[in-house]
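File shown: target_16.txt (compact mmCIF, C-alpha atoms and all ligand atoms).
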```txt
# COMPACT_ATOMS: atom_id res chain seq x y z
CA MET A 1410 0.00 0.00 0.00
CA THR A 1411 1.23 3.51 -0.71
CA ALA A 1412 0.32 6.76 1.03
CA ALA A 1413 -1.68 9.44 -0.73
CA ASN A 1414 -0.21 12.96 -0.84
CA ARG A 1415 -3.33 14.62 0.54
CA THR A 1416 -4.58 13.81 4.03
CA PRO A 1417 -8.30 13.79 5.00
CA MET A 1418 -7.41 15.88 8.07
CA ARG A 1419 -5.45 19.15 8.08
CA LEU A 1420 -2.20 18.52 9.98
CA SER A 1421 0.10 20.81 11.96
CA PRO A 1422 3.82 20.93 11.05
CA VAL A 1423 4.57 18.69 14.07
CA GLN A 1424 1.96 16.15 12.94
CA HIS A 1425 3.39 16.22 9.40
CA ARG A 1426 6.83 15.43 10.80
CA PHE A 1427 5.49 12.43 12.73
CA ARG A 1428 3.47 11.28 9.68
CA GLU A 1429 6.58 11.33 7.49
CA SER A 1430 8.53 9.42 10.13
CA LEU A 1431 5.76 6.81 10.42
CA LEU A 1432 5.52 6.38 6.63
CA GLY A 1433 9.30 5.98 6.56
CA LYS A 1434 9.16 3.25 9.21
CA LEU A 1435 6.43 1.47 7.23
CA SER A 1436 8.22 1.68 3.88
CA THR A 1437 11.58 0.49 5.22
CA GLY A 1438 10.06 -2.41 7.18
CA VAL A 1439 10.90 -1.04 10.65
CA TYR A 1440 7.13 -1.24 11.18
CA GLU A 1441 5.09 -3.96 9.47
CA TYR A 1442 1.49 -4.48 8.49
CA GLU A 1443 -0.63 -7.43 9.54
CA GLN A 1444 -3.86 -8.76 8.10
CA VAL A 1445 -6.76 -9.54 10.47
CA ASP A 1446 -8.91 -11.88 8.39
CA ARG A 1447 -11.20 -13.12 11.14
CA CYS A 1448 -13.64 -11.05 13.21
CA LEU A 1449 -13.93 -11.60 16.98
CA CYS A 1450 -17.21 -13.42 16.22
CA GLY A 1451 -15.31 -15.95 14.06
CA SER A 1452 -16.64 -14.78 10.69
CA THR A 1453 -14.31 -14.03 7.75
CA SER A 1454 -17.04 -12.38 5.66
CA SER A 1455 -16.37 -8.65 5.44
CA ALA A 1456 -17.01 -5.46 3.46
CA LEU A 1457 -14.20 -2.94 2.77
CA LEU A 1458 -15.14 0.54 4.03
CA ALA A 1459 -11.89 2.54 3.65
CA THR A 1460 -8.27 2.17 2.52
CA GLU A 1461 -6.61 4.97 4.51
CA ASP A 1462 -7.02 6.78 7.84
CA ARG A 1463 -7.43 10.47 8.75
CA PHE A 1464 -3.66 11.03 8.35
CA GLY A 1465 -3.62 9.42 4.91
CA ILE A 1466 -1.80 6.38 6.32
CA PRO A 1467 -2.68 3.34 4.18
CA VAL A 1468 -4.60 0.96 6.46
CA GLY A 1469 -7.86 -0.84 5.70
CA THR A 1470 -11.19 -0.59 7.51
CA VAL A 1471 -13.55 -3.54 7.13
CA LEU A 1472 -17.02 -4.32 8.45
CA CYS A 1473 -17.91 -7.84 9.58
CA ARG A 1474 -21.00 -8.79 7.57
CA SER A 1475 -21.99 -11.24 10.25
CA CYS A 1476 -21.96 -9.17 13.49
CA GLY A 1477 -21.36 -5.56 12.36
CA LEU A 1478 -18.08 -5.07 14.22
CA CYS A 1479 -15.63 -2.88 12.24
CA ARG A 1480 -11.90 -3.57 12.39
CA THR A 1481 -8.69 -2.19 10.94
CA SER A 1482 -7.13 -4.62 8.45
CA PRO A 1483 -4.48 -4.55 7.21
CA ARG A 1484 -3.21 -2.73 10.30
CA LEU A 1485 0.05 -1.83 12.02
CA ALA A 1486 1.48 -5.12 13.39
CA ALA A 1487 0.73 -5.69 17.08
CA LYS A 1488 4.46 -6.26 17.77
CA ASN A 1489 5.18 -2.64 16.68
CA LEU A 1490 2.52 -1.06 18.93
CA PRO A 1491 4.72 -0.47 22.04
CA SER A 1492 7.20 1.48 19.91
CA PHE A 1493 4.36 3.26 18.05
CA TYR A 1494 2.79 4.49 21.33
CA ASN A 1495 6.13 5.50 22.78
CA GLU A 1496 7.51 7.31 19.74
CA VAL A 1497 4.79 8.22 17.24
CA TYR A 1498 1.24 8.23 18.63
CA HIS A 1499 1.11 11.47 20.66
CA GLY A 1500 3.07 13.51 18.12
CA LEU A 1501 0.88 12.31 15.25
CA HIS A 1502 -2.50 12.54 17.00
CA GLN A 1503 -2.16 15.51 19.34
CA GLY A 1504 0.97 17.23 18.03
CA ILE A 1505 2.47 16.73 21.52
CA THR A 1506 6.23 16.14 21.62
CA GLN A 1507 6.70 16.71 25.36
CA PRO A 1508 3.70 16.39 27.73
CA ASP A 1509 3.08 18.43 30.90
CA PRO A 1510 0.75 17.52 33.82
CA ALA A 1511 -2.10 19.42 32.15
CA SER A 1512 -1.72 17.47 28.86
CA VAL A 1513 -4.94 15.61 28.18
CA LEU A 1514 -5.37 12.64 25.86
CA PHE A 1515 -9.04 13.22 25.12
CA ARG A 1516 -10.55 16.41 26.53
CA VAL A 1517 -10.43 18.67 29.59
CA GLY A 1518 -13.32 17.80 31.91
CA GLN A 1519 -13.35 14.09 30.99
CA GLY A 1520 -12.64 12.98 34.60
CA ARG A 1521 -15.49 15.16 35.93
CA ALA A 1522 -17.82 13.85 33.19
CA ILE A 1523 -16.99 10.22 34.07
CA HIS A 1524 -17.63 10.90 37.77
CA SER A 1525 -20.98 12.46 36.96
CA TYR A 1526 -21.95 9.54 34.65
CA LEU A 1527 -21.14 7.02 37.41
CA ASN A 1528 -22.25 9.06 40.43
CA ASP A 1529 -25.58 7.35 41.17
CA LEU A 1530 -23.94 3.90 40.92
CA LEU A 1531 -20.95 4.60 43.19
CA PRO A 1532 -20.72 2.62 46.46
CA ASP A 1533 -20.34 4.47 49.78
CA GLY A 1534 -16.98 5.08 51.43
CA GLU A 1535 -13.45 5.37 50.14
CA LEU A 1536 -12.95 4.51 46.47
CA ARG A 1537 -10.03 2.82 44.77
CA VAL A 1538 -10.01 3.97 41.14
CA ALA A 1539 -7.75 2.65 38.38
CA GLU A 1540 -7.42 3.89 34.82
CA ILE A 1541 -5.99 1.91 31.92
CA GLY A 1542 -4.01 4.05 29.44
CA CYS A 1543 -4.18 7.06 31.78
CA GLY A 1544 -1.72 9.41 30.02
CA THR A 1545 -0.42 11.82 32.67
CA GLY A 1546 -3.30 10.92 35.02
CA SER A 1547 -5.32 14.10 34.42
CA VAL A 1548 -8.62 12.16 34.15
CA LEU A 1549 -7.92 10.42 37.47
CA ARG A 1550 -7.08 13.68 39.26
CA GLU A 1551 -10.23 15.33 37.88
CA PHE A 1552 -12.32 12.35 39.03
CA GLN A 1553 -10.80 12.67 42.52
CA ALA A 1554 -11.55 16.41 42.65
CA ALA A 1555 -15.14 15.82 41.52
CA ALA A 1556 -15.66 13.16 44.23
CA ALA A 1557 -14.38 15.42 47.06
CA PRO A 1558 -14.72 15.33 50.04
CA ARG A 1559 -14.89 11.54 49.59
CA ALA A 1560 -11.44 9.87 49.74
CA VAL A 1561 -10.36 8.47 46.35
CA MET A 1562 -7.12 6.53 45.83
CA LEU A 1563 -5.76 6.76 42.28
CA PHE A 1564 -3.84 4.22 40.20
CA GLY A 1565 -3.05 4.21 36.51
CA CYS A 1566 -0.99 2.54 33.80
CA GLU A 1567 0.35 4.02 30.58
CA PHE A 1568 2.66 2.89 27.77
CA ALA A 1569 4.24 6.26 26.85
CA ASP A 1570 7.28 6.77 29.13
CA SER A 1571 7.22 10.57 28.98
CA PHE A 1572 3.56 10.64 30.15
CA VAL A 1573 4.30 8.22 33.01
CA ALA A 1574 7.15 10.42 34.24
CA VAL A 1575 5.10 13.62 34.13
CA GLY A 1576 2.11 11.96 35.87
CA ARG A 1577 4.32 10.57 38.64
CA ALA A 1578 5.91 13.97 39.15
CA ALA A 1579 2.35 15.32 39.61
CA GLY A 1580 1.95 12.82 42.49
CA THR A 1581 -0.20 10.13 40.82
CA ASP A 1582 0.70 6.42 41.09
CA ILE A 1583 1.22 5.58 37.41
CA ARG A 1584 2.86 2.34 36.24
CA GLY A 1585 4.64 2.05 32.90
CA GLY A 1586 2.92 -0.69 30.83
CA GLY A 1587 -0.46 -2.40 30.52
CA PRO A 1588 -3.17 -3.57 33.00
CA GLU A 1589 -0.91 -6.32 34.40
CA THR A 1590 1.21 -3.63 36.11
CA LEU A 1591 -1.78 -2.78 38.34
CA ARG A 1592 -2.45 -6.33 39.53
CA GLU A 1593 -0.44 -6.03 42.78
CA SER A 1594 -2.64 -3.09 43.90
CA ALA A 1595 -5.98 -4.69 42.91
CA PRO A 1596 -8.88 -4.95 43.55
CA PHE A 1597 -10.28 -1.57 42.49
CA ASP A 1598 -13.85 -0.34 42.91
CA ILE A 1599 -13.84 1.56 39.62
CA VAL A 1600 -11.81 0.77 36.50
CA ILE A 1601 -11.80 3.43 33.77
CA MET A 1602 -11.11 2.68 30.12
CA SER A 1603 -11.62 6.02 28.38
CA HIS A 1604 -10.78 5.84 24.66
CA VAL A 1605 -8.63 2.76 25.20
CA ALA A 1606 -10.59 -0.38 24.26
CA GLU A 1607 -10.60 0.64 20.57
CA HIS A 1608 -6.77 0.49 20.64
CA PHE A 1609 -6.42 -3.11 21.88
CA PRO A 1610 -5.01 -5.44 19.18
CA ARG A 1611 -6.56 -8.43 21.02
CA PRO A 1612 -9.48 -6.86 22.88
CA VAL A 1613 -11.00 -9.99 24.43
CA GLU A 1614 -7.68 -11.06 25.98
CA ALA A 1615 -6.92 -7.50 27.18
CA LEU A 1616 -10.42 -7.09 28.67
CA ARG A 1617 -10.06 -10.42 30.49
CA GLU A 1618 -6.80 -9.13 31.99
CA VAL A 1619 -8.61 -5.94 33.10
CA LEU A 1620 -11.37 -8.05 34.70
CA ARG A 1621 -8.73 -9.51 37.04
CA LEU A 1622 -8.30 -6.02 38.54
CA GLY A 1623 -11.81 -5.98 40.00
CA HIS A 1624 -13.99 -7.57 42.70
CA PRO A 1625 -17.59 -8.77 42.13
CA GLY A 1626 -19.01 -5.25 42.67
CA THR A 1627 -16.48 -3.35 40.53
CA LEU A 1628 -17.85 -0.93 37.94
CA TYR A 1629 -15.99 -0.74 34.61
CA TYR A 1630 -16.45 2.56 32.77
CA VAL A 1631 -15.80 2.11 29.03
CA GLU A 1632 -15.86 4.98 26.55
CA VAL A 1633 -15.03 4.55 22.86
CA PRO A 1634 -15.72 6.79 19.84
CA GLY A 1635 -19.07 5.41 18.66
CA ILE A 1636 -19.25 4.95 14.92
CA MET A 1637 -22.99 5.85 14.93
CA ARG A 1638 -22.37 9.37 16.30
CA ILE A 1639 -19.97 10.79 13.69
CA HIS A 1640 -22.71 13.24 12.56
CA ARG A 1641 -22.44 14.95 15.97
CA LYS A 1642 -18.64 15.15 16.12
CA PRO A 1643 -16.97 18.39 14.95
CA GLU A 1644 -13.61 16.88 16.00
CA TYR A 1645 -14.02 14.51 13.03
CA GLY A 1646 -15.44 17.25 10.80
CA PHE A 1647 -18.64 15.10 10.77
CA ARG A 1648 -16.78 12.78 8.34
CA PHE A 1649 -16.10 9.05 8.42
CA ASP A 1650 -12.62 9.43 6.85
CA ARG A 1651 -11.53 11.78 9.68
CA TYR A 1652 -12.93 9.40 12.30
CA LEU A 1653 -10.51 6.66 11.22
CA THR A 1654 -7.01 6.31 12.65
CA LEU A 1655 -4.53 3.46 12.36
CA ALA A 1656 -4.30 3.53 16.18
CA HIS A 1657 -7.86 2.19 16.41
CA THR A 1658 -7.93 -1.56 15.86
CA TYR A 1659 -11.75 -1.79 16.22
CA HIS A 1660 -14.63 0.68 15.70
CA PHE A 1661 -17.61 0.06 17.94
CA THR A 1662 -21.34 0.65 18.16
CA LEU A 1663 -22.92 0.17 21.59
CA SER A 1664 -24.05 -3.33 20.62
CA THR A 1665 -20.71 -4.49 19.13
CA LEU A 1666 -18.93 -3.13 22.23
CA ALA A 1667 -21.38 -4.98 24.52
CA ALA A 1668 -20.86 -8.19 22.49
CA THR A 1669 -17.05 -7.81 22.73
CA MET A 1670 -17.26 -7.15 26.48
CA ALA A 1671 -19.53 -10.21 26.91
CA ARG A 1672 -16.90 -12.40 25.20
CA ALA A 1673 -14.47 -11.28 27.93
CA GLY A 1674 -16.92 -11.89 30.83
CA TYR A 1675 -18.75 -8.57 31.31
CA GLU A 1676 -22.41 -7.56 31.32
CA ILE A 1677 -23.69 -4.10 30.43
CA VAL A 1678 -25.21 -1.92 33.17
CA ARG A 1679 -25.95 1.11 30.98
CA GLY A 1680 -24.69 2.73 27.79
CA ASP A 1681 -25.39 4.97 24.79
CA GLU A 1682 -24.14 5.29 21.19
CA GLU A 1683 -21.54 7.99 22.06
CA VAL A 1684 -20.28 5.29 23.29
CA ARG A 1685 -20.25 5.85 27.08
CA SER A 1686 -21.00 2.72 29.06
CA VAL A 1687 -20.75 0.91 32.39
CA PHE A 1688 -20.15 -2.82 32.76
CA LYS A 1689 -19.85 -5.28 35.64
CA ALA A 1690 -18.39 -8.77 35.79
CA GLU A 1691 -20.66 -11.53 34.50
CA PRO A 1692 -18.58 -14.67 33.90
CA ARG A 1693 -21.57 -16.58 32.49
CA GLY A 1694 -22.42 -13.80 30.01
CA HIS A 1695 -22.93 -14.55 26.34
CA PRO A 1696 -22.56 -12.12 23.46
CA ALA A 1697 -26.01 -10.79 22.65
CA LEU A 1698 -27.09 -11.63 19.10
CA THR A 1699 -27.19 -8.49 16.97
CA PRO A 1700 -28.20 -9.73 13.51
CA ASP A 1701 -29.04 -6.27 12.11
CA THR A 1702 -25.94 -4.38 13.22
CA ALA A 1703 -23.97 -4.78 9.97
CA ASP A 1704 -26.88 -3.36 7.95
CA GLN A 1705 -27.40 -0.57 10.50
CA VAL A 1706 -23.75 0.50 10.22
CA LEU A 1707 -23.84 0.42 6.39
CA ASP A 1708 -27.13 2.36 6.32
CA TYR A 1709 -25.72 4.91 8.76
CA LEU A 1710 -22.50 5.47 6.74
CA HIS A 1711 -24.58 5.80 3.56
CA TRP A 1712 -26.83 8.39 5.28
CA LEU A 1713 -23.75 10.22 6.67
CA ASP A 1714 -22.42 10.53 3.14
CA ARG A 1715 -25.66 11.87 1.65
CA SER A 1716 -27.57 13.70 4.37
CA TRP A 1717 -28.07 17.42 3.67
CA ARG A 1718 -28.14 18.09 7.39
CA VAL A 1719 -24.66 16.61 7.78
CA ARG A 1720 -23.40 18.40 4.65
CA ILE A 1721 -24.51 21.73 6.13
CA SER A 1722 -22.80 20.94 9.47
CA ARG A 1723 -19.67 20.04 7.52
CA ALA A 1724 -19.74 23.21 5.39
CA ARG A 1725 -20.26 25.44 8.47
CA HIS A 1726 -17.43 23.63 10.27
CA GLU A 1727 -15.05 24.09 7.35
CA ALA A 1728 -16.05 27.71 6.71
CA ARG A 1729 -15.46 28.82 10.33
CA PRO A 1730 -11.63 29.16 10.21
CA PHE A 1731 -11.89 30.86 6.79
CA ALA A 1732 -14.54 33.34 8.04
CA GLY A 1733 -12.38 33.91 11.12
CA ARG A 1734 -9.34 34.79 9.00
CA ILE A 1735 -11.36 37.31 6.96
CA LEU A 1736 -12.83 38.95 10.07
CA ARG A 1737 -9.41 39.12 11.75
CA LYS A 1738 -7.97 40.84 8.68
CA ALA A 1739 -10.86 43.31 8.49
CA LEU A 1740 -11.03 44.16 12.21
CA GLY A 1741 -7.43 43.76 13.30
CA ALA A 1742 -6.21 41.10 15.72
CA ARG A 1743 -7.01 42.99 18.96
CA LEU A 1744 -10.62 43.86 18.12
CA TYR A 1745 -11.18 40.35 16.71
CA ARG A 1746 -9.96 38.73 19.96
CA LYS A 1747 -12.23 41.09 21.96
CA LEU A 1748 -15.25 40.11 19.82
CA ARG A 1749 -14.47 36.38 20.14
CA ARG A 1750 -14.40 36.73 23.93
CA LEU A 1751 -17.83 38.39 23.83
CA ALA A 1752 -19.32 35.75 21.49
ZN ZN B 1801 -18.14 -10.38 13.43
```

Write out the structure in this file as structure tokens.
Amino acid sequence: MTAANRTPMRLSPVQHRFRESLLGKLSTGVYEYEQVDRCLCGSTSSALLATEDRFGIPVGTVLCRSCGLCRTSPRLAAKNLPSFYNEVYHGLHQGITQPDPASVLFRVGQGRAIHSYLNDLLPDGELRVAEIGCGTGSVLREFQAAAAPRAVMLFGCEFADSFVAVGRAAGTDIRGGGPETLRESAPFDIVIMSHVAEHFPRPVEALREVLRLGHPGTLYYVEVPGIMRIHRKPEYGFRFDRYLTLAHTYHFTLSTLAATMARAGYEIVRGDEEVRSVFKAEPRGHPALTPDTADQVLDYLHWLDRSWRVRISRARHEARPFAGRILRKALGARLYRKLRRLA
């Protein structure tokens, strides 16, 4: 596969540098591709949805015709992922070369939002909270602040060394590596996986490992970018091609996430198509049958492509920086900044 010159997403100079470096690693064989022919449900019947991601990196996106779960194939080989997350991921995705304690992986306020989503389900007393793929720990610290005055003990794990170091310096107990690094401090009352499960190369195995961190009453908060909500996401420009990244091995709907979690021994407590969801352990759980999901995903992507409502959202989104530049030129930078603060 070869990379296109244009990229679906506009990139900063830092992101361009990381993209070039990644393409170099792929073309010289430092990083390899791997094919994932079989879905988690066992089916090999699939439909090709895309041949590159938002950065114009040549990876495939396929939909399982049997269960509706989307996966990246061919994808970056699992054996190259530790190096990818340590050296490429943050520079390419967020344009971050050196994190600080305020660096967030998803968005500011995510820890408060998770606390509020879980609040009515939380047990009384002190809480032990762990986060998988916690970055610098900013989500954990926000969760703790939102839960005050209740005592909350924080634990996290993260693959990127620079994020681990910064999080530890901020006083949070962060281990370098995956969920297994948290086992000695388990069990936890709450386990957070915010924008993490879609990165697992072998999700069922990884989710089973995470299950070992809990007790029978543990709540598992799982948030992934739901494929059925792209029409509400300005961060993707309301477009499927900007939703895709080679870092995501699977793309979930609420029902394909619940089926994947069930394969690993979880049962859903609540969830929506964003996807925000809460699970608990249910070792006897079975994947719910979702015979219509593949058609629903295809119908949705077709609608996303053609809907006038989405086209208008897209046009407004793309016109905003252009209109801003014109106004700034006409009014001068100071007056423009003043007006933006008032708006
Ligand atoms: Zn499937």

For each of A:Ser1421, A:Thr1702, A:Asn1489, A:Thr1506, take the minimum atom-to-atom distance to ligand ZN 1801 (chain B), counting all atoms listed in the file, then give the residue where this is smallest.
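Among the listed residues, the smallest separation from ligand ZN 1801 (chain B) belongs to A:Thr1702.
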
Nearest to ligand ZN 1801 (chain B) by atom-to-atom distance, counting only C-alpha atoms and all ligand atoms, from A:Arg1641, A:Arg1415, A:Arg1550, A:His1660
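Ranked by minimum distance to ligand ZN 1801 (chain B), first place goes to A:His1660.
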
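Here atom CA of A:Glu1682 stands at a distance of 11.9 Å from atom CA of A:Val1631.
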
As a PyMOL selection string, please: every protein or nucleic acid residue near ligand ZN 1801 (chain B) (cut-off 9 Å, counting all atoms listed in the file).
chain A and resi 1447-1455+1472-1479+1665+1703

Would you write out those residues with C-alpha atoms, as a compact mmCIF listing (two decimals), in the frame of the given file?
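Saved result, again35.txt, follows:
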```
# COMPACT_ATOMS: atom_id res chain seq x y z
CA ARG A 1447 -11.20 -13.12 11.14
CA CYS A 1448 -13.64 -11.05 13.21
CA LEU A 1449 -13.93 -11.60 16.98
CA CYS A 1450 -17.21 -13.42 16.22
CA GLY A 1451 -15.31 -15.95 14.06
CA SER A 1452 -16.64 -14.78 10.69
CA THR A 1453 -14.31 -14.03 7.75
CA SER A 1454 -17.04 -12.38 5.66
CA SER A 1455 -16.37 -8.65 5.44
CA LEU A 1472 -17.02 -4.32 8.45
CA CYS A 1473 -17.91 -7.84 9.58
CA ARG A 1474 -21.00 -8.79 7.57
CA SER A 1475 -21.99 -11.24 10.25
CA CYS A 1476 -21.96 -9.17 13.49
CA GLY A 1477 -21.36 -5.56 12.36
CA LEU A 1478 -18.08 -5.07 14.22
CA CYS A 1479 -15.63 -2.88 12.24
CA THR A 1665 -20.71 -4.49 19.13
CA ALA A 1703 -23.97 -4.78 9.97
```

Tell me which protein, DNA and RNA residues are within 8 Å of A:Gly1542, counting all atoms listed in the file, leaving out same-chain ones fewer than 4 positions away, and put them as a PyMOL selection string.
chain A and resi 1565-1568+1587+1602-1603+1605

Write out, as a tab-separated table, each residue of stretch 1598-1698 of chain A that has an atom at most 12 Å from stretch 1559-1564 of chain A, together with the closest pair of atoms and their distance in Å to one decimal, counting only C-alpha atoms, rows going by chain and rising number.
```
residue	atom	partner	partner_atom	distance
A:Asp1598	CA	A:Met1562	CA	10.1
A:Ile1599	CA	A:Leu1563	CA	10.0
A:Val1600	CA	A:Phe1564	CA	9.4
A:Ile1601	CA	A:Phe1564	CA	10.3
A:Leu1622	CA	A:Phe1564	CA	11.3
```

Counting only C-alpha atoms, what is within 9 Å of stretch 1724-1730 of chain A, bar same-chain residues fewer than 5 positions away, as a PyMOL selection string?
chain A and resi 1643+1646-1647+1719+1735

Nearest candidate to A:Pro1625 (options A:Leu1458, A:Leu1736, A:Ala1690, A:Leu1431; using all atoms listed in the file)
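That would be A:Ala1690, the residue with the smallest distance to A:Pro1625.
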
Might you pull out every residue within 8 Å of A:Gln1503, with only C-alpha atoms counted and same-chain residues fewer than 2 positions away left off, and present them as a PyMOL selection string?
chain A and resi 1424+1499-1501+1505+1514

I'd like to know which of A:Ile1466, A:Val1538, A:Leu1713, A:Leu1655 is closest to A:Ala1487, using all atoms listed in the file.
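Looking only at the distances to A:Ala1487, the closest residue turns out to be A:Leu1655.
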
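The two atoms in question, atom CA of A:Asp1708 and atom CA of A:Thr1460, are spaced 19.2 Å apart.
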
Using only C-alpha atoms, can you tell me which of A:Phe1493, A:Tyr1659, A:Tyr1675, A:Tyr1629 comes closest to A:Val1471?
A:Tyr1659

Within 12 Å of file point (-20.4, 13.1, 35.8), counting all atoms listed in the file, expressed as a PyMOL selection string:
chain A and resi 1518-1531+1548+1551-1556+1630+1685

Dump as a CSV table (one decimal), in the coordinates of the input, selection limited to C-alpha atoms:
```csv
chain,number,residue,atom,x,y,z
A,1518,GLY,CA,-13.3,17.8,31.9
A,1519,GLN,CA,-13.4,14.1,31.0
A,1520,GLY,CA,-12.6,13.0,34.6
A,1521,ARG,CA,-15.5,15.2,35.9
A,1522,ALA,CA,-17.8,13.8,33.2
A,1523,ILE,CA,-17.0,10.2,34.1
A,1524,HIS,CA,-17.6,10.9,37.8
A,1525,SER,CA,-21.0,12.5,37.0
A,1526,TYR,CA,-22.0,9.5,34.6
A,1527,LEU,CA,-21.1,7.0,37.4
A,1528,ASN,CA,-22.2,9.1,40.4
A,1529,ASP,CA,-25.6,7.4,41.2
A,1530,LEU,CA,-23.9,3.9,40.9
A,1531,LEU,CA,-21.0,4.6,43.2
A,1548,VAL,CA,-8.6,12.2,34.2
A,1551,GLU,CA,-10.2,15.3,37.9
A,1552,PHE,CA,-12.3,12.4,39.0
A,1553,GLN,CA,-10.8,12.7,42.5
A,1554,ALA,CA,-11.6,16.4,42.6
A,1555,ALA,CA,-15.1,15.8,41.5
A,1556,ALA,CA,-15.7,13.2,44.2
A,1630,TYR,CA,-16.4,2.6,32.8
A,1685,ARG,CA,-20.2,5.8,27.1
```

Distance of atom CA of A:His1502 from atom CA of A:Val1423, expressed in Å to one decimal place:
9.8 Å
